[in-house]
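> Hey, dropping coords-v1.cif in here, mmCIF, C-alpha atoms:
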data_work
loop_
_atom_site.label_atom_id
_atom_site.label_comp_id
_atom_site.auth_asym_id
_atom_site.auth_seq_id
_atom_site.Cartn_x
_atom_site.Cartn_y
_atom_site.Cartn_z
CA MET G 957 105.58 9.31 -36.49
CA SER G 958 108.24 10.38 -34.06
CA VAL G 959 108.77 13.95 -32.91
CA HIS G 960 108.77 15.69 -36.29
CA THR G 961 111.74 17.92 -36.98
CA ALA G 962 111.63 18.34 -40.74
CA PRO G 963 113.74 21.20 -42.07
CA THR G 964 112.10 24.37 -43.28
CA VAL G 965 111.12 23.99 -46.93
CA GLN G 966 110.51 26.38 -49.80
CA LEU G 967 106.93 25.78 -50.87
CA LYS G 968 105.97 25.68 -54.52
CA PRO G 969 102.64 27.02 -55.90
CA HIS G 970 100.26 24.24 -56.82
CA ARG G 971 98.82 23.67 -60.26
CA ARG G 972 95.29 22.71 -61.16
CA GLY G 973 94.74 19.08 -62.09
CA PRO G 974 92.97 17.87 -65.25
CA VAL G 975 89.23 18.23 -65.73
CA SER G 976 88.68 14.51 -65.14
CA VAL G 977 90.12 14.87 -61.65
CA LEU G 978 87.73 17.75 -60.98
CA VAL G 979 84.77 15.57 -61.94
CA THR G 980 85.89 12.91 -59.50
CA ALA G 981 86.30 15.57 -56.82
CA VAL G 982 82.70 16.73 -57.34
CA VAL G 983 81.42 13.21 -56.67
CA VAL G 984 83.56 12.97 -53.55
CA ILE G 985 82.30 16.36 -52.34
CA ALA G 986 78.69 15.22 -52.51
CA LEU G 987 79.41 12.14 -50.46
CA ALA G 988 81.54 14.04 -47.97
CA LEU G 989 78.87 16.68 -47.41
CA GLY G 990 76.41 13.97 -46.41
CA THR G 991 78.91 12.51 -43.99
CA ALA G 992 79.75 15.88 -42.46
CA PHE G 993 76.08 16.57 -41.82
CA LEU G 994 75.47 13.12 -40.39
CA VAL G 995 78.46 13.07 -38.05
CA ARG G 996 78.15 16.63 -36.82
CA GLY G 997 74.46 16.17 -36.25
CA ALA G 998 75.44 13.95 -33.33
CA GLY G 999 77.40 16.62 -31.51
CA SER G 1000 78.74 20.14 -31.52
CA THR G 1001 78.90 22.25 -34.67
CA SER G 1002 82.08 24.05 -33.62
CA SER G 1003 85.62 22.78 -33.19
CA THR G 1004 87.99 23.51 -30.32
CA THR G 1005 91.68 22.64 -30.36
CA VAL G 1006 92.66 20.41 -27.46
CA ALA G 1007 94.66 22.32 -24.83
CA ALA G 1008 98.30 21.34 -24.39
CA ASP G 1009 97.84 20.32 -20.75
CA ALA G 1010 94.56 18.45 -21.32
CA SER G 1011 93.79 14.74 -21.41
CA GLU G 1012 91.22 14.14 -24.11
CA THR G 1013 90.06 11.24 -26.25
CA SER G 1014 87.78 11.37 -29.27
CA VAL G 1015 86.01 8.26 -30.54
CA LEU G 1016 83.94 7.93 -33.70
CA VAL G 1017 82.57 4.73 -35.23
CA TYR G 1018 80.62 4.91 -38.47
CA ASP G 1019 78.71 1.99 -40.02
CA ARG G 1020 78.73 2.32 -43.80
CA THR G 1021 76.15 -0.42 -44.31
CA GLN G 1022 73.59 1.18 -42.02
CA ASP G 1023 74.79 4.70 -42.90
CA ARG G 1024 74.83 5.79 -39.28
CA VAL G 1025 77.14 6.73 -36.44
CA LEU G 1026 77.43 4.00 -33.80
CA ARG G 1027 79.48 5.98 -31.30
CA ALA G 1028 80.52 9.63 -31.18
CA GLU G 1029 82.49 11.09 -28.30
CA GLY G 1030 84.22 14.46 -28.59
CA THR G 1031 84.19 14.17 -32.37
CA ASP G 1032 84.70 17.86 -33.12
CA ALA G 1033 87.72 18.37 -30.85
CA ARG G 1034 90.80 19.19 -32.91
CA PHE G 1035 94.01 17.26 -32.37
CA ARG G 1036 97.48 17.44 -33.84
CA SER G 1037 97.26 15.00 -36.72
CA ALA G 1038 100.73 13.47 -36.43
CA SER G 1039 100.95 10.89 -39.24
CA LEU G 1040 97.22 10.81 -40.00
CA VAL G 1041 97.89 13.70 -42.36
CA LYS G 1042 99.70 11.21 -44.59
CA VAL G 1043 96.29 9.94 -45.73
CA ILE G 1044 95.45 13.51 -46.75
CA ILE G 1045 98.75 13.83 -48.60
CA ALA G 1046 98.04 10.59 -50.50
CA LEU G 1047 94.43 11.54 -51.26
CA ASP G 1048 95.55 14.89 -52.63
CA LEU G 1049 98.00 13.19 -54.99
CA VAL G 1050 95.30 10.83 -56.25
CA GLN G 1051 92.72 13.59 -56.64
CA ARG G 1052 95.15 15.69 -58.67
CA GLY G 1053 96.09 12.76 -60.89
CA LYS G 1054 99.70 12.76 -59.75
CA VAL G 1055 99.43 9.13 -58.65
CA THR G 1056 97.34 6.78 -60.80
CA SER G 1057 96.93 3.07 -61.44
CA ASP G 1058 99.14 3.58 -64.51
CA ARG G 1059 101.64 5.61 -62.47
CA PRO G 1060 101.56 4.09 -58.97
CA SER G 1061 103.98 5.49 -56.43
CA PRO G 1062 106.10 3.15 -54.31
CA ARG G 1063 106.95 6.18 -52.17
CA VAL G 1064 103.30 6.84 -51.36
CA ALA G 1065 102.80 3.16 -50.58
CA ARG G 1066 105.75 3.15 -48.17
CA MET G 1067 104.70 6.45 -46.60
CA LEU G 1068 101.34 4.86 -45.73
CA ALA G 1069 102.40 1.31 -44.84
CA ALA G 1070 105.57 2.16 -42.91
CA SER G 1071 104.55 5.69 -41.88
CA ASP G 1072 107.75 6.98 -43.44
CA ASP G 1073 108.39 10.56 -42.30
CA VAL G 1074 111.18 11.27 -44.79
CA ILE G 1075 108.92 10.48 -47.73
CA ALA G 1076 106.08 12.46 -46.18
CA SER G 1077 108.33 15.51 -45.90
CA ALA G 1078 109.34 15.25 -49.55
CA LEU G 1079 105.76 14.84 -50.75
CA TRP G 1080 104.62 17.66 -48.48
CA GLN G 1081 107.17 20.00 -50.03
CA SER G 1082 106.47 18.99 -53.63
CA GLY G 1083 102.71 19.31 -53.11
CA GLY G 1084 102.90 22.84 -51.75
CA GLY G 1085 102.83 22.06 -48.03
CA PRO G 1086 99.77 23.76 -46.49
CA ASP G 1087 98.20 23.92 -49.95
CA ILE G 1088 97.67 20.16 -49.68
CA VAL G 1089 95.53 20.61 -46.59
CA HIS G 1090 93.66 23.56 -48.09
CA ARG G 1091 92.85 21.63 -51.28
CA VAL G 1092 91.54 18.54 -49.52
CA ALA G 1093 89.67 20.51 -46.86
CA GLN G 1094 87.95 22.54 -49.57
CA SER G 1095 87.11 19.56 -51.79
CA LEU G 1096 85.60 17.60 -48.88
CA SER G 1097 84.11 20.57 -46.95
CA LEU G 1098 86.17 19.70 -43.87
CA THR G 1099 85.37 22.16 -41.10
CA ALA G 1100 88.02 21.41 -38.46
CA THR G 1101 91.08 20.62 -40.56
CA GLU G 1102 93.77 23.31 -40.81
CA PRO G 1103 97.38 23.32 -41.97
CA PRO G 1104 100.15 23.79 -39.39
CA ALA G 1105 101.17 27.23 -38.19
CA ASP G 1106 104.76 26.29 -39.08
CA SER G 1107 104.39 25.35 -42.74
CA SER G 1108 107.25 22.82 -42.61
CA ARG G 1109 105.73 20.76 -39.78
CA TRP G 1110 103.11 18.66 -41.55
CA GLY G 1111 102.46 16.60 -38.40
CA ASP G 1112 101.09 19.72 -36.68
CA THR G 1113 98.12 19.83 -39.07
CA LEU G 1114 94.93 20.03 -37.03
CA LEU G 1115 91.99 17.71 -37.60
CA SER G 1116 88.99 16.16 -35.86
CA ALA G 1117 87.56 12.65 -35.76
CA SER G 1118 84.59 13.90 -37.77
CA ASP G 1119 86.84 15.17 -40.53
CA MET G 1120 88.92 11.99 -40.51
CA VAL G 1121 85.80 9.92 -41.11
CA THR G 1122 84.96 12.20 -44.03
CA VAL G 1123 88.46 11.64 -45.44
CA TYR G 1124 88.06 7.86 -45.26
CA ARG G 1125 84.64 8.03 -46.88
CA ALA G 1126 86.15 10.07 -49.69
CA VAL G 1127 88.85 7.43 -50.19
CA LEU G 1128 86.24 4.68 -50.23
CA ALA G 1129 84.19 6.65 -52.78
CA LEU G 1130 87.04 6.76 -55.29
CA PRO G 1131 86.96 4.48 -58.35
CA ALA G 1132 88.34 1.05 -57.44
CA ASP G 1133 91.68 1.51 -59.21
CA GLN G 1134 92.28 4.81 -57.37
CA ARG G 1135 90.96 3.51 -54.06
CA ARG G 1136 93.49 0.68 -54.06
CA LEU G 1137 96.38 3.12 -54.32
CA ILE G 1138 95.59 4.25 -50.78
CA LEU G 1139 93.84 1.30 -49.17
CA ASP G 1140 96.24 -1.45 -50.27
CA PRO G 1141 99.20 0.12 -48.39
CA LEU G 1142 96.96 0.72 -45.37
CA ARG G 1143 95.94 -2.94 -45.44
CA ALA G 1144 99.63 -3.83 -45.53
CA ALA G 1145 100.59 -1.57 -42.61
CA GLU G 1146 103.86 -2.79 -41.11
CA ARG G 1147 104.09 -3.55 -37.42
CA VAL G 1148 107.36 -1.62 -37.05
CA ALA G 1149 107.22 1.83 -38.59
CA ALA G 1150 110.10 3.45 -40.44
CA ASP G 1151 111.18 5.26 -37.27
CA GLY G 1152 111.29 1.97 -35.31
CA THR G 1153 107.99 2.47 -33.45
CA ASP G 1154 105.65 -0.49 -32.90
CA GLN G 1155 102.53 0.96 -34.51
CA PHE G 1156 100.20 -1.94 -33.75
CA PHE G 1157 98.26 -0.22 -30.95
CA GLY G 1158 94.62 0.75 -31.14
CA ILE G 1159 92.81 -1.04 -33.98
CA PRO G 1160 95.34 -3.83 -34.69
CA ASP G 1161 95.83 -4.61 -30.99
CA ALA G 1162 92.20 -4.25 -29.87
CA LEU G 1163 90.60 -5.89 -32.91
CA PRO G 1164 92.87 -8.82 -33.82
CA GLY G 1165 91.83 -10.91 -36.78
CA VAL G 1166 89.41 -8.30 -38.11
CA PRO G 1167 90.01 -7.20 -41.73
CA ARG G 1168 91.47 -3.71 -41.63
CA ALA G 1169 93.21 -0.88 -43.46
CA ILE G 1170 94.80 1.42 -40.88
CA LYS G 1171 96.75 4.61 -40.43
CA GLN G 1172 98.27 5.33 -37.05
CA GLY G 1173 99.71 8.53 -35.64
CA TRP G 1174 101.97 9.43 -32.73
CA ALA G 1175 103.86 12.55 -31.73
CA ALA G 1176 105.48 13.96 -28.60
CA GLY G 1177 106.81 17.35 -27.62
CA ARG G 1178 105.62 20.84 -28.51
CA GLY G 1179 102.78 20.80 -26.03
CA GLY G 1180 101.93 17.20 -25.24
CA VAL G 1181 101.67 13.62 -26.43
CA ASP G 1182 99.32 12.46 -29.18
CA ALA G 1183 98.43 8.89 -30.13
CA HIS G 1184 95.84 8.08 -32.79
CA THR G 1185 94.41 5.00 -34.49
CA SER G 1186 92.19 5.15 -37.54
CA GLY G 1187 90.99 3.11 -40.47
CA VAL G 1188 88.35 0.98 -42.09
CA VAL G 1189 87.59 -2.38 -40.51
CA GLY G 1190 85.32 -5.36 -41.04
CA ASN G 1191 84.24 -7.33 -44.09
CA GLY G 1192 83.69 -5.08 -47.07
CA ASP G 1193 85.25 -2.18 -45.18
CA ARG G 1194 81.96 -1.81 -43.35
CA TYR G 1195 83.12 0.35 -40.44
CA ILE G 1196 85.25 3.45 -40.13
CA VAL G 1197 86.89 3.70 -36.71
CA VAL G 1198 88.76 6.76 -35.49
CA VAL G 1199 90.22 7.19 -31.99
CA LEU G 1200 92.25 10.33 -31.35
CA SER G 1201 93.97 11.14 -28.07
CA HIS G 1202 96.05 13.85 -26.43
CA ARG G 1203 97.87 13.65 -23.11
CA PRO G 1204 99.94 16.27 -21.25
CA GLY G 1205 103.66 16.50 -21.88
CA GLY G 1206 105.65 13.93 -19.94
CA THR G 1207 103.13 11.14 -20.50
CA PRO G 1208 105.01 8.04 -21.71
CA MET G 1209 104.11 7.30 -25.33
CA GLN G 1210 103.48 3.66 -24.48
CA THR G 1211 100.93 4.77 -21.88
CA ALA G 1212 99.15 6.98 -24.41
CA MET G 1213 99.11 4.17 -26.97
CA ALA G 1214 97.79 1.66 -24.42
CA GLU G 1215 94.95 4.02 -23.53
CA VAL G 1216 94.03 4.29 -27.22
CA THR G 1217 93.91 0.49 -27.38
CA VAL G 1218 91.56 0.39 -24.38
CA ALA G 1219 89.29 3.01 -25.97
CA THR G 1220 89.27 1.04 -29.24
CA ALA G 1221 88.49 -2.24 -27.48
CA ALA G 1222 85.44 -0.56 -25.94
CA VAL G 1223 83.77 -0.31 -29.36
CA LYS G 1224 84.41 -3.93 -30.37
CA SER G 1225 80.88 -4.98 -29.46
CA LEU G 1226 79.49 -2.47 -31.98
CA LEU G 1227 81.28 -4.10 -34.90
CA SER G 1228 79.00 -7.06 -35.57
#
Output the file's structure as structure tokens, nothing else.

Amino acid sequence: MSVHTAPTVQLKPHRRGPVSVLVTAVVVIALALGTAFLVRGAGSTSSTTVAADASETSVLVYDRTQDRVLRAEGTDARFRSASLVKVIIALDLVQRGKVTSDRPSPRVARMLAASDDVIASALWQSGGGPDIVHRVAQSLSLTATEPPADSSRWGDTLLSASDMVTVYRAVLALPADQRRLILDPLRAAERVAADGTDQFFGIPDALPGVPRAIKQGWAAGRGGVDAHTSGVVGNGDRYIVVVLSHRPGGTPMQTAMAEVTVATAAVKSLLS
């Protein structure tokens, strides 16, 4: 994601999905609640938004096989999501039955694989903008995730590493045919994003050759520079890795991305 300058949009009220989607959501809620308790048990129970002039990095590694956190650093700090919110947009569409195995969406696949901002803006508008964040946050009991103050700027959604792990666990808990709608594009993430950015920092650069399904995020301006790497890695999607970072305005994006790669490389020894 580049500096996001989507035009102001007229938001539409959302409609309730079918009962079958609600049943699926209940299952996801139960799993997410367990994750939220587990992750937040390792640190603070309150969330603080990272200051614009701060330099902060949050690292969270969760082992699904052992059902435990392997590393947790600053996991409740809230960062600007940049393109990580695209996973939330996709999950919301799947939960509401708007995208199914019978009605797959090439646009959603491209939004995830190529981090396409234009598609994200269109899906944000059609889904009700901030309502997307409210729906997913409520269904998964996310405690740090909030929609943007400017309803048109989806990349300014706030989230924490703890909440992002919960989102990935919810995706992994979906029935296989629904899970693939999100994970397959993340497994096929393109090196060069739709905006021309090389998005292979963090997980793909620090963990070469490791099976992965990733979503990256980057944004500059409006109070600083953010670079994030996130995803599921390892055989059988064993680990969830999330590294979020914020640097003061003026920091070169390549520097921020390189620092995320270094922080990701530091957890490599845990993924065995």
> Excluding G:Ser1003 and its own-chain neighbours fewer than 6 positions away, which residues fall within 10 Å of it when counting all atoms listed in the file? Please give them as a VMD selection string.
chain G and resid 1030 to 1034 1099 to 1101 1115 to 1116
> I'd like to know which of G:Val1218, G:Asp1193, G:Pro1204, G:Val1017 is closest to G:Arg1135, using all atoms listed in the file.
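Closest candidate: G:Asp1193.
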> Write out as a VMD selection string which residues come within 8 Å of G:Ile1196 when counting all atoms listed in the file, dropping same-chain ones fewer than 3 positions away.
chain G and resid 1016 to 1020 1121 1124 1186 to 1189 1193
> Check which residues satisfy the PyMOL selection byres ((chain G and resi 1061-1078) around 6) in the file shown, then give them as a count of residues only.
11
> As number ranges by chain, please: the residues near G:Ile1088 (cut-off 9 Å, only C-alpha atoms, same-chain neighbours under 5 positions excluded).
G: 970, 1044-1045, 1048-1049, 1080, 1083, 1093, 1103
> Name the closest residue to G:Val1043 among the candidates G:His1090, G:Arg1109, G:Arg1024, G:Lys1171; distances are taken between atoms, counting all atoms listed in the file.
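Using all atoms listed in the file, G:Val1043 sits closest to G:Lys1171.
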> What separation in Å, quoted to one decimal, exists between atom CA of G:Ala1219 and atom CA of G:Val1197?
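That distance, rounded to one decimal, is 11.0 Å.
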> Export stretch 1057-1085 of chain G of the preceding structure, keeping N, CA, C and O atoms, as a PDB file, in the first residue's frame.

ATOM      1  N   SER G1057     -17.226 -20.382  -2.429  1.00  0.00           N
ATOM      2  CA  SER G1057     -16.530 -21.249  -3.377  1.00  0.00           C
ATOM      3  C   SER G1057     -17.298 -21.342  -4.693  1.00  0.00           C
ATOM      4  O   SER G1057     -16.712 -21.565  -5.757  1.00  0.00           O
ATOM      5  N   ASP G1058     -18.624 -21.168  -4.630  1.00  0.00           N
ATOM      6  CA  ASP G1058     -19.432 -21.150  -5.851  1.00  0.00           C
ATOM      7  C   ASP G1058     -19.404 -19.798  -6.541  1.00  0.00           C
ATOM      8  O   ASP G1058     -19.668 -19.705  -7.743  1.00  0.00           O
ATOM      9  N   ARG G1059     -19.113 -18.755  -5.756  1.00  0.00           N
ATOM     10  CA  ARG G1059     -19.024 -17.395  -6.298  1.00  0.00           C
ATOM     11  C   ARG G1059     -17.710 -16.762  -5.849  1.00  0.00           C
ATOM     12  O   ARG G1059     -17.696 -15.799  -5.085  1.00  0.00           O
ATOM     13  N   PRO G1060     -16.580 -17.319  -6.319  1.00  0.00           N
ATOM     14  CA  PRO G1060     -15.289 -16.728  -5.937  1.00  0.00           C
ATOM     15  C   PRO G1060     -15.134 -15.352  -6.581  1.00  0.00           C
ATOM     16  O   PRO G1060     -15.781 -15.045  -7.584  1.00  0.00           O
ATOM     17  N   SER G1061     -14.280 -14.549  -5.990  1.00  0.00           N
ATOM     18  CA  SER G1061     -14.111 -13.179  -6.483  1.00  0.00           C
ATOM     19  C   SER G1061     -12.674 -12.950  -6.949  1.00  0.00           C
ATOM     20  O   SER G1061     -11.753 -12.875  -6.130  1.00  0.00           O
ATOM     21  N   PRO G1062     -12.463 -12.822  -8.249  1.00  0.00           N
ATOM     22  CA  PRO G1062     -11.123 -12.480  -8.742  1.00  0.00           C
ATOM     23  C   PRO G1062     -10.633 -11.155  -8.174  1.00  0.00           C
ATOM     24  O   PRO G1062      -9.428 -10.962  -7.992  1.00  0.00           O
ATOM     25  N   ARG G1063     -11.545 -10.246  -7.884  1.00  0.00           N
ATOM     26  CA  ARG G1063     -11.137  -8.951  -7.315  1.00  0.00           C
ATOM     27  C   ARG G1063     -10.571  -9.132  -5.919  1.00  0.00           C
ATOM     28  O   ARG G1063      -9.557  -8.517  -5.568  1.00  0.00           O
ATOM     29  N   VAL G1064     -11.213  -9.944  -5.100  1.00  0.00           N
ATOM     30  CA  VAL G1064     -10.690 -10.202  -3.754  1.00  0.00           C
ATOM     31  C   VAL G1064      -9.327 -10.880  -3.842  1.00  0.00           C
ATOM     32  O   VAL G1064      -8.394 -10.534  -3.118  1.00  0.00           O
ATOM     33  N   ALA G1065      -9.204 -11.837  -4.760  1.00  0.00           N
ATOM     34  CA  ALA G1065      -7.924 -12.535  -4.919  1.00  0.00           C
ATOM     35  C   ALA G1065      -6.819 -11.556  -5.306  1.00  0.00           C
ATOM     36  O   ALA G1065      -5.706 -11.608  -4.758  1.00  0.00           O
ATOM     37  N   ARG G1066      -7.103 -10.654  -6.225  1.00  0.00           N
ATOM     38  CA  ARG G1066      -6.077  -9.679  -6.628  1.00  0.00           C
ATOM     39  C   ARG G1066      -5.801  -8.683  -5.510  1.00  0.00           C
ATOM     40  O   ARG G1066      -4.646  -8.280  -5.308  1.00  0.00           O
ATOM     41  N   MET G1067      -6.832  -8.257  -4.790  1.00  0.00           N
ATOM     42  CA  MET G1067      -6.621  -7.332  -3.681  1.00  0.00           C
ATOM     43  C   MET G1067      -5.625  -7.923  -2.677  1.00  0.00           C
ATOM     44  O   MET G1067      -4.756  -7.206  -2.155  1.00  0.00           O
ATOM     45  N   LEU G1068      -5.732  -9.230  -2.421  1.00  0.00           N
ATOM     46  CA  LEU G1068      -4.851  -9.874  -1.448  1.00  0.00           C
ATOM     47  C   LEU G1068      -3.472 -10.177  -2.032  1.00  0.00           C
ATOM     48  O   LEU G1068      -2.450  -9.898  -1.413  1.00  0.00           O
ATOM     49  N   ALA G1069      -3.425 -10.754  -3.220  1.00  0.00           N
ATOM     50  CA  ALA G1069      -2.147 -11.178  -3.794  1.00  0.00           C
ATOM     51  C   ALA G1069      -1.291 -10.009  -4.251  1.00  0.00           C
ATOM     52  O   ALA G1069      -0.067 -10.002  -4.063  1.00  0.00           O
ATOM     53  N   ALA G1070      -1.927  -9.003  -4.859  1.00  0.00           N
ATOM     54  CA  ALA G1070      -1.185  -7.856  -5.399  1.00  0.00           C
ATOM     55  C   ALA G1070      -1.332  -6.614  -4.536  1.00  0.00           C
ATOM     56  O   ALA G1070      -0.811  -5.565  -4.873  1.00  0.00           O
ATOM     57  N   SER G1071      -2.050  -6.739  -3.427  1.00  0.00           N
ATOM     58  CA  SER G1071      -2.314  -5.612  -2.531  1.00  0.00           C
ATOM     59  C   SER G1071      -2.868  -4.428  -3.316  1.00  0.00           C
ATOM     60  O   SER G1071      -2.402  -3.293  -3.190  1.00  0.00           O
ATOM     61  N   ASP G1072      -3.904  -4.702  -4.087  1.00  0.00           N
ATOM     62  CA  ASP G1072      -4.469  -3.696  -4.986  1.00  0.00           C
ATOM     63  C   ASP G1072      -5.324  -2.701  -4.206  1.00  0.00           C
ATOM     64  O   ASP G1072      -6.387  -3.053  -3.672  1.00  0.00           O
ATOM     65  N   ASP G1073      -4.897  -1.443  -4.173  1.00  0.00           N
ATOM     66  CA  ASP G1073      -5.599  -0.408  -3.418  1.00  0.00           C
ATOM     67  C   ASP G1073      -6.916   0.001  -4.075  1.00  0.00           C
ATOM     68  O   ASP G1073      -7.889   0.333  -3.379  1.00  0.00           O
ATOM     69  N   VAL G1074      -6.959   0.016  -5.394  1.00  0.00           N
ATOM     70  CA  VAL G1074      -8.169   0.433  -6.093  1.00  0.00           C
ATOM     71  C   VAL G1074      -9.313  -0.532  -5.783  1.00  0.00           C
ATOM     72  O   VAL G1074     -10.452  -0.131  -5.491  1.00  0.00           O
ATOM     73  N   ILE G1075      -9.010  -1.817  -5.823  1.00  0.00           N
ATOM     74  CA  ILE G1075     -10.029  -2.820  -5.504  1.00  0.00           C
ATOM     75  C   ILE G1075     -10.435  -2.712  -4.044  1.00  0.00           C
ATOM     76  O   ILE G1075     -11.620  -2.793  -3.700  1.00  0.00           O
ATOM     77  N   ALA G1076      -9.460  -2.510  -3.167  1.00  0.00           N
ATOM     78  CA  ALA G1076      -9.764  -2.375  -1.746  1.00  0.00           C
ATOM     79  C   ALA G1076     -10.716  -1.208  -1.505  1.00  0.00           C
ATOM     80  O   ALA G1076     -11.664  -1.310  -0.713  1.00  0.00           O
ATOM     81  N   SER G1077     -10.496  -0.109  -2.177  1.00  0.00           N
ATOM     82  CA  SER G1077     -11.367   1.060  -2.016  1.00  0.00           C
ATOM     83  C   SER G1077     -12.791   0.747  -2.452  1.00  0.00           C
ATOM     84  O   SER G1077     -13.764   1.142  -1.795  1.00  0.00           O
ATOM     85  N   ALA G1078     -12.929   0.022  -3.556  1.00  0.00           N
ATOM     86  CA  ALA G1078     -14.263  -0.325  -4.057  1.00  0.00           C
ATOM     87  C   ALA G1078     -14.976  -1.278  -3.097  1.00  0.00           C
ATOM     88  O   ALA G1078     -16.167  -1.109  -2.808  1.00  0.00           O
ATOM     89  N   LEU G1079     -14.256  -2.262  -2.589  1.00  0.00           N
ATOM     90  CA  LEU G1079     -14.862  -3.223  -1.673  1.00  0.00           C
ATOM     91  C   LEU G1079     -15.157  -2.582  -0.321  1.00  0.00           C
ATOM     92  O   LEU G1079     -16.138  -2.944   0.351  1.00  0.00           O
ATOM     93  N   TRP G1080     -14.319  -1.648   0.076  1.00  0.00           N
ATOM     94  CA  TRP G1080     -14.553  -0.905   1.319  1.00  0.00           C
ATOM     95  C   TRP G1080     -15.865  -0.121   1.210  1.00  0.00           C
ATOM     96  O   TRP G1080     -16.703  -0.153   2.111  1.00  0.00           O
ATOM     97  N   GLN G1081     -16.050   0.553   0.105  1.00  0.00           N
ATOM     98  CA  GLN G1081     -17.264   1.336  -0.091  1.00  0.00           C
ATOM     99  C   GLN G1081     -18.493   0.435  -0.131  1.00  0.00           C
ATOM    100  O   GLN G1081     -19.501   0.694   0.548  1.00  0.00           O
ATOM    101  N   SER G1082     -18.440  -0.636  -0.926  1.00  0.00           N
ATOM    102  CA  SER G1082     -19.617  -1.493  -1.083  1.00  0.00           C
ATOM    103  C   SER G1082     -19.963  -2.246   0.195  1.00  0.00           C
ATOM    104  O   SER G1082     -21.128  -2.604   0.418  1.00  0.00           O
ATOM    105  N   GLY G1083     -18.965  -2.447   1.063  1.00  0.00           N
ATOM    106  CA  GLY G1083     -19.208  -3.167   2.313  1.00  0.00           C
ATOM    107  C   GLY G1083     -19.626  -2.290   3.469  1.00  0.00           C
ATOM    108  O   GLY G1083     -19.856  -2.784   4.577  1.00  0.00           O
ATOM    109  N   GLY G1084     -19.710  -0.979   3.224  1.00  0.00           N
ATOM    110  CA  GLY G1084     -20.114  -0.067   4.289  1.00  0.00           C
ATOM    111  C   GLY G1084     -18.970   0.592   5.013  1.00  0.00           C
ATOM    112  O   GLY G1084     -19.165   1.163   6.086  1.00  0.00           O
ATOM    113  N   GLY G1085     -17.756   0.509   4.467  1.00  0.00           N
ATOM    114  CA  GLY G1085     -16.609   1.193   5.071  1.00  0.00           C
ATOM    115  C   GLY G1085     -16.362   0.747   6.496  1.00  0.00           C
ATOM    116  O   GLY G1085     -16.088  -0.430   6.758  1.00  0.00           O
TER     117      GLY G1085
END
